[in-house]
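Chemist: Before we start, here is the structure in question, set down as structure tokens.
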Amino acid sequence: MSRLALVLLLASGGAAAAEPSAWCDALFPVGDIAAVIGAERAAGIERRASGVVAEDAHRCSRLYSIGEDRFSDELVFMVSPARDAAGAVRTIESIARGDGGRRFGESRPEGLGAAAVHFRAPDPLASHRMEFNVSFALEDRVIELRYFNVDDGKQNKYIQASSELEAIARRIAERGLP
């Protein structure tokens, strides 16, 4: 699925109504955000399944946000199965190579899963949106955390630095798959 198709599908509310799975809740509880940024900044954060894929013990596709505004700040959390652990690492290596886009602040965090990449990038479709991205391989899964910061003046900003997103990713990796 192209990035544009994914953005449009997410903006439409997903393919179908979806329920968050207990497996995905165990992998990434909302409390991880509060543990990193503090309870005050995390107040009001809710999670919901995006509906892009059905959540189960292999896949997660969900959004963490304050309020229901789909065009403002949100954290997108995706888990995708790979054929095996080596396949998950190959996927992360492919993400790290990128597409020649306008990324900056790229790093390869040590000790975060079997392979990891961390970068920031302006949204090519909206100049007022910035993406913080931390993706890593955990066993045979590809884990992606993508925080979209929107310069819209709303009081729903909770991730203020990409290092906070990396700290959340480390909590997930240290806990491991449920």
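Chain labels run A, B, ... following the order of the structure tokens; each chain numbers its residues from 1, and ligands are numbered from 1 in the order shown.
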Quick one: residues within 6 Å of region 119-128 of chain A, only C-alpha atoms, excluding same-chain residues fewer than 4 positions away - as a list in words?

Modeler: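 My reading of the contact set: Arg103, Phe104, Gly105, Glu106, Phe132, Asn133, Val150 and Asp151 of chain A.
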
Chemist: How would the residues just chosen look if you wrote them out with N, CA and C atoms as a CSV table (one decimal), in the first residue's frame?

Modeler:
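Listing of again-v8.csv after writing:
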chain,number,residue,atom,x,y,z
A,103,ARG,N,14.6,13.3,5.1
A,103,ARG,CA,14.8,12.9,6.5
A,103,ARG,C,16.0,13.7,7.1
A,104,PHE,N,16.0,13.8,8.4
A,104,PHE,CA,17.1,14.3,9.1
A,104,PHE,C,17.1,13.7,10.5
A,105,GLY,N,18.3,14.0,11.2
A,105,GLY,CA,18.4,13.4,12.5
A,105,GLY,C,18.4,11.9,12.6
A,106,GLU,N,18.8,11.3,11.5
A,106,GLU,CA,18.7,9.8,11.4
A,106,GLU,C,19.8,9.2,12.3
A,132,PHE,N,8.1,12.0,13.6
A,132,PHE,CA,9.2,11.4,14.4
A,132,PHE,C,9.0,9.9,14.2
A,133,ASN,N,10.0,9.1,13.8
A,133,ASN,CA,9.9,7.7,13.5
A,133,ASN,C,10.9,6.9,14.2
A,150,VAL,N,1.6,18.1,14.5
A,150,VAL,CA,1.0,19.1,13.6
A,150,VAL,C,1.0,20.5,14.2
A,151,ASP,N,1.5,21.4,13.4
A,151,ASP,CA,1.6,22.8,13.9
A,151,ASP,C,0.2,23.5,13.7

Chemist: Where does DSSP see strand (DSSP E or B) in region 2-174 of chain A, if you list the residues as an mmCIF file with N, CA and C atoms, in the first residue's frame?

Modeler:
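What follows is the written file part22.cif:
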data_model
loop_
_atom_site.group_PDB
_atom_site.id
_atom_site.type_symbol
_atom_site.label_atom_id
_atom_site.label_comp_id
_atom_site.auth_asym_id
_atom_site.auth_seq_id
_atom_site.Cartn_x
_atom_site.Cartn_y
_atom_site.Cartn_z
ATOM 1 N N ILE A 45 -4.701 10.838 26.938
ATOM 2 C CA ILE A 45 -4.317 10.026 25.781
ATOM 3 C C ILE A 45 -5.180 8.773 25.755
ATOM 4 N N GLU A 46 -5.747 8.511 24.597
ATOM 5 C CA GLU A 46 -6.554 7.316 24.386
ATOM 6 C C GLU A 46 -5.985 6.542 23.210
ATOM 7 N N ARG A 47 -6.229 5.254 23.207
ATOM 8 C CA ARG A 47 -5.789 4.421 22.097
ATOM 9 C C ARG A 47 -7.016 3.822 21.427
ATOM 10 N N ARG A 48 -6.879 3.642 20.120
ATOM 11 C CA ARG A 48 -7.943 2.991 19.367
ATOM 12 C C ARG A 48 -7.335 2.259 18.180
ATOM 13 N N ALA A 49 -7.954 1.160 17.818
ATOM 14 C CA ALA A 49 -7.512 0.430 16.631
ATOM 15 C C ALA A 49 -7.850 1.276 15.408
ATOM 16 N N CYS A 60 -0.629 -5.224 14.819
ATOM 17 C CA CYS A 60 -1.275 -4.116 15.518
ATOM 18 C C CYS A 60 -1.311 -2.939 14.557
ATOM 19 N N SER A 61 -2.372 -2.187 14.614
ATOM 20 C CA SER A 61 -2.482 -0.951 13.853
ATOM 21 C C SER A 61 -3.390 -0.039 14.653
ATOM 22 N N ARG A 62 -2.768 0.854 15.392
ATOM 23 C CA ARG A 62 -3.570 1.688 16.282
ATOM 24 C C ARG A 62 -3.038 3.096 16.379
ATOM 25 N N LEU A 63 -3.877 3.944 16.949
ATOM 26 C CA LEU A 63 -3.583 5.353 17.094
ATOM 27 C C LEU A 63 -3.688 5.725 18.561
ATOM 28 N N TYR A 64 -2.778 6.564 19.007
ATOM 29 C CA TYR A 64 -2.797 7.110 20.368
ATOM 30 C C TYR A 64 -2.892 8.624 20.206
ATOM 31 N N SER A 65 -3.939 9.217 20.775
ATOM 32 C CA SER A 65 -4.100 10.659 20.623
ATOM 33 C C SER A 65 -4.896 11.228 21.789
ATOM 34 N N ILE A 66 -4.874 12.544 21.876
ATOM 35 C CA ILE A 66 -5.706 13.272 22.831
ATOM 36 C C ILE A 66 -6.829 13.875 22.004
ATOM 37 N N GLU A 74 -0.913 12.718 16.562
ATOM 38 C CA GLU A 74 -1.231 11.338 16.916
ATOM 39 C C GLU A 74 0.010 10.476 16.768
ATOM 40 N N LEU A 75 0.012 9.403 17.551
ATOM 41 C CA LEU A 75 1.057 8.404 17.492
ATOM 42 C C LEU A 75 0.466 7.180 16.800
ATOM 43 N N VAL A 76 1.083 6.769 15.707
ATOM 44 C CA VAL A 76 0.656 5.584 14.976
ATOM 45 C C VAL A 76 1.581 4.451 15.396
ATOM 46 N N PHE A 77 0.996 3.347 15.836
ATOM 47 C CA PHE A 77 1.742 2.168 16.282
ATOM 48 C C PHE A 77 1.364 1.007 15.376
ATOM 49 N N MET A 78 2.360 0.437 14.707
ATOM 50 C CA MET A 78 2.111 -0.686 13.802
ATOM 51 C C MET A 78 3.055 -1.831 14.123
ATOM 52 N N VAL A 79 2.508 -3.025 14.106
ATOM 53 C CA VAL A 79 3.297 -4.245 14.242
ATOM 54 C C VAL A 79 2.928 -5.123 13.062
ATOM 55 N N SER A 80 3.949 -5.571 12.351
ATOM 56 C CA SER A 80 3.743 -6.429 11.190
ATOM 57 C C SER A 80 4.594 -7.674 11.327
ATOM 58 N N PRO A 81 4.044 -8.838 10.969
ATOM 59 C CA PRO A 81 4.851 -10.056 11.024
ATOM 60 C C PRO A 81 5.802 -10.132 9.834
ATOM 61 N N PHE A 104 15.952 13.771 8.375
ATOM 62 C CA PHE A 104 17.090 14.347 9.080
ATOM 63 C C PHE A 104 17.135 13.748 10.476
ATOM 64 N N GLY A 105 18.269 13.957 11.154
ATOM 65 C CA GLY A 105 18.425 13.431 12.507
ATOM 66 C C GLY A 105 18.393 11.915 12.558
ATOM 67 N N GLU A 106 18.801 11.269 11.483
ATOM 68 C CA GLU A 106 18.743 9.802 11.442
ATOM 69 C C GLU A 106 19.825 9.194 12.321
ATOM 70 N N SER A 107 19.439 8.126 13.028
ATOM 71 C CA SER A 107 20.402 7.377 13.837
ATOM 72 C C SER A 107 20.005 5.914 13.811
ATOM 73 N N ALA A 115 17.557 -4.730 15.233
ATOM 74 C CA ALA A 115 17.982 -3.637 14.350
ATOM 75 C C ALA A 115 16.978 -2.515 14.541
ATOM 76 N N ALA A 116 17.448 -1.272 14.419
ATOM 77 C CA ALA A 116 16.543 -0.138 14.631
ATOM 78 C C ALA A 116 16.990 1.057 13.802
ATOM 79 N N VAL A 117 16.033 1.931 13.519
ATOM 80 C CA VAL A 117 16.305 3.197 12.856
ATOM 81 C C VAL A 117 15.415 4.258 13.500
ATOM 82 N N HIS A 118 15.950 5.467 13.594
ATOM 83 C CA HIS A 118 15.269 6.599 14.240
ATOM 84 C C HIS A 118 15.523 7.806 13.351
ATOM 85 N N PHE A 119 14.456 8.487 12.946
ATOM 86 C CA PHE A 119 14.641 9.688 12.131
ATOM 87 C C PHE A 119 13.447 10.627 12.286
ATOM 88 N N ARG A 120 13.623 11.827 11.754
ATOM 89 C CA ARG A 120 12.554 12.811 11.666
ATOM 90 C C ARG A 120 12.411 13.185 10.199
ATOM 91 N N ALA A 121 11.178 13.543 9.818
ATOM 92 C CA ALA A 121 10.946 13.916 8.423
ATOM 93 C C ALA A 121 9.726 14.807 8.314
ATOM 94 N N PRO A 122 9.802 15.832 7.466
ATOM 95 C CA PRO A 122 8.607 16.624 7.203
ATOM 96 C C PRO A 122 7.631 15.785 6.373
ATOM 97 N N ARG A 129 3.129 19.444 9.092
ATOM 98 C CA ARG A 129 3.225 18.178 9.830
ATOM 99 C C ARG A 129 4.667 17.669 9.813
ATOM 100 N N MET A 130 5.118 17.187 10.971
ATOM 101 C CA MET A 130 6.454 16.605 11.104
ATOM 102 C C MET A 130 6.290 15.205 11.675
ATOM 103 N N GLU A 131 7.053 14.263 11.151
ATOM 104 C CA GLU A 131 7.009 12.888 11.644
ATOM 105 C C GLU A 131 8.260 12.572 12.438
ATOM 106 N N PHE A 132 8.086 11.985 13.625
ATOM 107 C CA PHE A 132 9.156 11.359 14.385
ATOM 108 C C PHE A 132 8.955 9.867 14.171
ATOM 109 N N ASN A 133 10.000 9.137 13.813
ATOM 110 C CA ASN A 133 9.853 7.713 13.512
ATOM 111 C C ASN A 133 10.925 6.906 14.229
ATOM 112 N N VAL A 134 10.496 5.850 14.922
ATOM 113 C CA VAL A 134 11.396 4.848 15.488
ATOM 114 C C VAL A 134 10.837 3.502 15.075
ATOM 115 N N SER A 135 11.611 2.754 14.317
ATOM 116 C CA SER A 135 11.200 1.428 13.853
ATOM 117 C C SER A 135 12.278 0.432 14.247
ATOM 118 N N PHE A 136 11.842 -0.777 14.661
ATOM 119 C CA PHE A 136 12.819 -1.776 15.074
ATOM 120 C C PHE A 136 12.284 -3.186 14.865
ATOM 121 N N ALA A 137 13.223 -4.141 14.812
ATOM 122 C CA ALA A 137 12.896 -5.554 14.669
ATOM 123 C C ALA A 137 12.904 -6.190 16.049
ATOM 124 N N LEU A 138 11.817 -6.891 16.366
ATOM 125 C CA LEU A 138 11.699 -7.595 17.637
ATOM 126 C C LEU A 138 11.234 -9.009 17.315
ATOM 127 N N ARG A 141 8.944 -9.727 14.241
ATOM 128 C CA ARG A 141 7.991 -8.631 14.029
ATOM 129 C C ARG A 141 8.730 -7.343 13.710
ATOM 130 N N VAL A 142 8.091 -6.530 12.914
ATOM 131 C CA VAL A 142 8.568 -5.178 12.636
ATOM 132 C C VAL A 142 7.663 -4.243 13.429
ATOM 133 N N ILE A 143 8.267 -3.451 14.309
ATOM 134 C CA ILE A 143 7.538 -2.525 15.165
ATOM 135 C C ILE A 143 7.819 -1.111 14.664
ATOM 136 N N GLU A 144 6.764 -0.351 14.406
ATOM 137 C CA GLU A 144 6.923 1.031 13.950
ATOM 138 C C GLU A 144 6.142 1.962 14.867
ATOM 139 N N LEU A 145 6.807 2.991 15.342
ATOM 140 C CA LEU A 145 6.198 4.065 16.119
ATOM 141 C C LEU A 145 6.404 5.343 15.323
ATOM 142 N N ARG A 146 5.310 5.985 14.943
ATOM 143 C CA ARG A 146 5.385 7.188 14.122
ATOM 144 C C ARG A 146 4.509 8.267 14.759
ATOM 145 N N TYR A 147 5.146 9.288 15.316
ATOM 146 C CA TYR A 147 4.405 10.385 15.921
ATOM 147 C C TYR A 147 4.324 11.519 14.913
ATOM 148 N N PHE A 148 3.111 11.967 14.631
ATOM 149 C CA PHE A 148 2.895 13.083 13.715
ATOM 150 C C PHE A 148 2.564 14.320 14.536
ATOM 151 N N ASN A 149 3.457 15.300 14.477
ATOM 152 C CA ASN A 149 3.293 16.559 15.179
ATOM 153 C C ASN A 149 2.769 17.563 14.164
ATOM 154 N N VAL A 150 1.610 18.148 14.477
ATOM 155 C CA VAL A 150 0.966 19.085 13.568
ATOM 156 C C VAL A 150 1.010 20.483 14.172
#

Chemist: Quick one: residues within 9 Å of Pro178 (chain A), only C-alpha atoms, excluding same-chain residues fewer than 6 positions away - as a list in words?

Modeler: Trp23, Cys24, Ala26, Leu27 and Ala57 of chain A

Chemist: With only C-alpha atoms as the atoms that count, which of A:Glu110, A:Asp152, A:Asp84, A:Glu166 lies nearest to Asp140 (chain A)?

Modeler: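 That would be A:Asp84, the residue with the smallest distance to Asp140 (chain A).
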
Chemist: Using backbone DSSP assignments, extract all helix (DSSP H, G or I) residues from chain A; output them as a PyMOL selection string.

Modeler: chain A and resi 3-11+22-27+31-37+39-42+85-97+162-175

Chemist: Go ahead and save the residues from that selection, with C-alpha atoms, as a short mmCIF file (atom, residue, chain, number, x, y, z; two decimals), in the first residue's frame.

Modeler:
data_model
loop_
_atom_site.label_atom_id
_atom_site.label_comp_id
_atom_site.auth_asym_id
_atom_site.auth_seq_id
_atom_site.Cartn_x
_atom_site.Cartn_y
_atom_site.Cartn_z
CA ARG A 3 2.01 6.01 1.74
CA LEU A 4 -0.73 8.20 0.24
CA ALA A 5 -3.23 5.33 0.26
CA LEU A 6 -2.36 4.57 3.89
CA VAL A 7 -2.75 8.22 4.89
CA LEU A 8 -6.12 8.44 3.13
CA LEU A 9 -7.31 5.18 4.68
CA LEU A 10 -6.27 6.31 8.16
CA ALA A 11 -7.92 9.69 7.62
CA ALA A 22 -5.49 -7.51 24.26
CA TRP A 23 -2.20 -8.71 22.71
CA CYS A 24 -1.46 -5.23 21.33
CA ASP A 25 -2.49 -3.67 24.66
CA ALA A 26 0.02 -5.94 26.42
CA LEU A 27 2.76 -5.06 23.92
CA GLY A 31 0.96 3.66 30.52
CA ASP A 32 4.26 3.44 28.63
CA ILE A 33 3.67 6.93 27.30
CA ALA A 34 3.02 8.34 30.78
CA ALA A 35 6.08 6.53 32.16
CA VAL A 36 8.26 8.39 29.64
CA ILE A 37 6.69 11.85 29.44
CA ALA A 39 1.32 11.72 33.83
CA GLU A 40 0.46 15.40 33.37
CA ARG A 41 1.47 15.52 29.68
CA ALA A 42 -0.06 12.08 29.07
CA ALA A 85 13.65 -12.75 12.61
CA ALA A 86 16.07 -12.25 9.71
CA GLY A 87 13.19 -10.96 7.58
CA ALA A 88 12.27 -8.43 10.27
CA VAL A 89 15.87 -7.17 10.31
CA ARG A 90 15.88 -6.91 6.48
CA THR A 91 12.71 -4.80 6.64
CA ILE A 92 14.31 -2.42 9.16
CA GLU A 93 17.41 -2.18 6.96
CA SER A 94 15.16 -1.26 4.04
CA ILE A 95 13.42 1.43 6.11
CA ALA A 96 16.86 2.74 7.16
CA ARG A 97 17.97 3.05 3.53
CA SER A 162 11.93 12.22 19.05
CA SER A 163 14.10 11.00 21.95
CA GLU A 164 10.86 10.50 23.91
CA LEU A 165 9.53 8.27 21.14
CA GLU A 166 12.76 6.26 21.26
CA ALA A 167 12.37 5.87 25.04
CA ILE A 168 8.85 4.48 24.51
CA ALA A 169 10.24 2.07 21.90
CA ARG A 170 12.87 0.89 24.38
CA ARG A 171 10.16 0.08 26.94
CA ILE A 172 8.38 -2.05 24.34
CA ALA A 173 11.59 -3.82 23.30
CA GLU A 174 12.68 -4.49 26.89
CA ARG A 175 9.30 -5.99 27.76
#

Chemist: Which is closer to Gly153 (chain A) than all the others in A:Ser72, A:Ala82, A:Gly111, A:Glu139, using only C-alpha atoms?

Modeler: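 Of A:Ser72, A:Ala82, A:Gly111, A:Glu139, the one nearest Gly153 (chain A) is A:Ser72, counting only C-alpha atoms.
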
Chemist: Have a look at CA of Gly67 (chain A) and CA of Phe28 (chain A) and let me know their distance in Å, one decimal.

Modeler: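 Interatomic distance here is 19.2 Å.
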
Chemist: Using only C-alpha atoms, which residues sit within 9 Å of Ala54 (chain A) once same-chain residues fewer than 3 positions away are excluded, as a count of residues only?

Modeler: 11
